[in-house]
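Q: Before anything else, here's the structure in question.
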Amino acid sequence: MSGLRLKRVSQLCAEVSGWLVIPMMFSIFLDAVLRGLFNVALLGVVESNSLLLVTLIYMGLAGAQASGANFRLTLVTERLPQRVQAVLSGVGWLFVLCVLAILGWFCVQEALFSYAKGETSYGLVSFPLWPSRIVVAFGLALLWLQLLVDGLVFFRDGRDPFAASAQDEGASSLPQDRL
């Protein structure tokens, strides 16, 4: 998958995750109105909104990276020489890739286990947990792929994978003789 296609997929997943706020708000509003007016609760609202919230968060991670919207702390690093900044960005990128790979591996294993066991939540409505576990694994895998592509661009072109300016076509936040 090319970098541009991956960016589009990441941003599409983020777009879908953003739209999930609407059914969450509607179900919470409807539940509150029914409780207030008729003293009747909607069954499964908490469980379904938990799944929607997990989906909203994890499906949006790669899109945030693709658009350069993930947060960045540069209080110390921005005062360092650009060569040191480039080295620290490369080390940070490798560290994040390793951590996400480990997290993703465990999330995939947990999703497979949850699916095989038919794991459900405890509560008034028995809600399957495996869909949310699959969404977490998928979201982390997509973020890992997005970071991998951004990091490869960093090593090829010198564009910092964590900087918002790196997402602009042709922008370079590090010198070309970076390492």
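By convention in this document, the chains of the structure tokens carry letters A, B, ... by their order, each chain's residues are numbered from 1, and ligands are numbered from 1 in the order they are shown.
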Please provide as a PDB file with C-alpha atoms, in the first residue's frame all residues within 12 Å of Cys13 (chain A), with the sequence filter that same-chain residues fewer than 4 positions apart are discarded (counting only C-alpha atoms).
A:
ATOM      1  CA  LEU A   6      -2.468   4.600   3.558  1.00  0.00           C
ATOM      2  CA  LYS A   7      -2.942   8.260   4.451  1.00  0.00           C
ATOM      3  CA  ARG A   8      -6.368   8.212   2.789  1.00  0.00           C
ATOM      4  CA  VAL A   9      -7.375   5.035   4.647  1.00  0.00           C
ATOM      5  CA  SER A  17     -14.734   7.590  14.030  1.00  0.00           C
ATOM      6  CA  GLY A  18     -15.733  11.233  14.234  1.00  0.00           C
ATOM      7  CA  TRP A  19     -19.216  10.473  12.940  1.00  0.00           C
ATOM      8  CA  LEU A  20     -19.676   7.930  15.736  1.00  0.00           C
ATOM      9  CA  THR A  55     -13.971   2.701  18.110  1.00  0.00           C
ATOM     10  CA  LEU A  56     -13.985   6.489  18.113  1.00  0.00           C
ATOM     11  CA  ILE A  57     -10.593   6.625  19.841  1.00  0.00           C
ATOM     12  CA  TYR A  58      -8.672   3.838  18.147  1.00  0.00           C
ATOM     13  CA  MET A  59      -9.961   4.409  14.628  1.00  0.00           C
ATOM     14  CA  GLY A  60      -8.888   8.050  14.853  1.00  0.00           C
ATOM     15  CA  LEU A  61      -5.275   7.515  15.951  1.00  0.00           C
ATOM     16  CA  ALA A  62      -3.776   6.832  12.519  1.00  0.00           C
ATOM     17  CA  GLY A  63      -5.777   9.666  10.979  1.00  0.00           C
ATOM     18  CA  ALA A  64      -4.386  12.058  13.550  1.00  0.00           C
ATOM     19  CA  GLN A  65      -0.863  10.909  12.681  1.00  0.00           C
ATOM     20  CA  ALA A  66      -1.545  11.136   8.939  1.00  0.00           C
ATOM     21  CA  VAL A 135     -11.072  -2.411  16.738  1.00  0.00           C
ATOM     22  CA  PHE A 138      -6.882  -2.730  13.991  1.00  0.00           C
ATOM     23  CA  GLY A 139      -6.432   0.867  15.142  1.00  0.00           C
ATOM     24  CA  LEU A 142      -3.067   1.129  11.250  1.00  0.00           C
ATOM     25  CA  LEU A 143      -1.229   3.630  13.453  1.00  0.00           C
TER      26      LEU A 143
END
Q: According to DSSP computed on the backbone, where in region 7-81 of chain A is there helix (DSSP H, G or I)? Give the residues as a ChimeraX atom specification.
A: /A:7-19,21-38,45-66,77-79
Q: List as a JSON list (two decimals) with N, CA and C atoms, in the first residue's frame the protein and nucleic acid residues near Lys117 (chain A), meaning an atom at most 12 Å away when only C-alpha atoms are counted, but skip any in the same chain fewer than 6 places from it.
A:
[["chain", "number", "residue", "atom", "x", "y", "z"],
["A", 110, "GLU", "N", -5.28, -10.96, 22.23],
["A", 110, "GLU", "CA", -6.44, -10.80, 23.10],
["A", 110, "GLU", "C", -7.74, -10.78, 22.31],
["A", 111, "ALA", "N", -7.73, -10.16, 21.14],
["A", 111, "ALA", "CA", -8.93, -10.14, 20.29],
["A", 111, "ALA", "C", -9.27, -11.54, 19.80],
["A", 128, "PRO", "N", -21.16, -8.44, 23.46],
["A", 128, "PRO", "CA", -19.89, -9.06, 23.06],
["A", 128, "PRO", "C", -18.73, -8.06, 23.15],
["A", 129, "LEU", "N", -17.60, -8.52, 23.67],
["A", 129, "LEU", "CA", -16.44, -7.66, 23.83],
["A", 129, "LEU", "C", -15.44, -7.77, 22.67],
["A", 130, "TRP", "N", -15.53, -8.87, 21.93],
["A", 130, "TRP", "CA", -14.53, -9.07, 20.88],
["A", 130, "TRP", "C", -14.55, -7.99, 19.80]]
Q: I'd like the interatomic distance between CA of Leu152 (chain A) and CA of Leu75 (chain A), to a tenth of an Å.
A: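 Result for CA of Leu152 (chain A) versus CA of Leu75 (chain A): 25.0 Å, one decimal.
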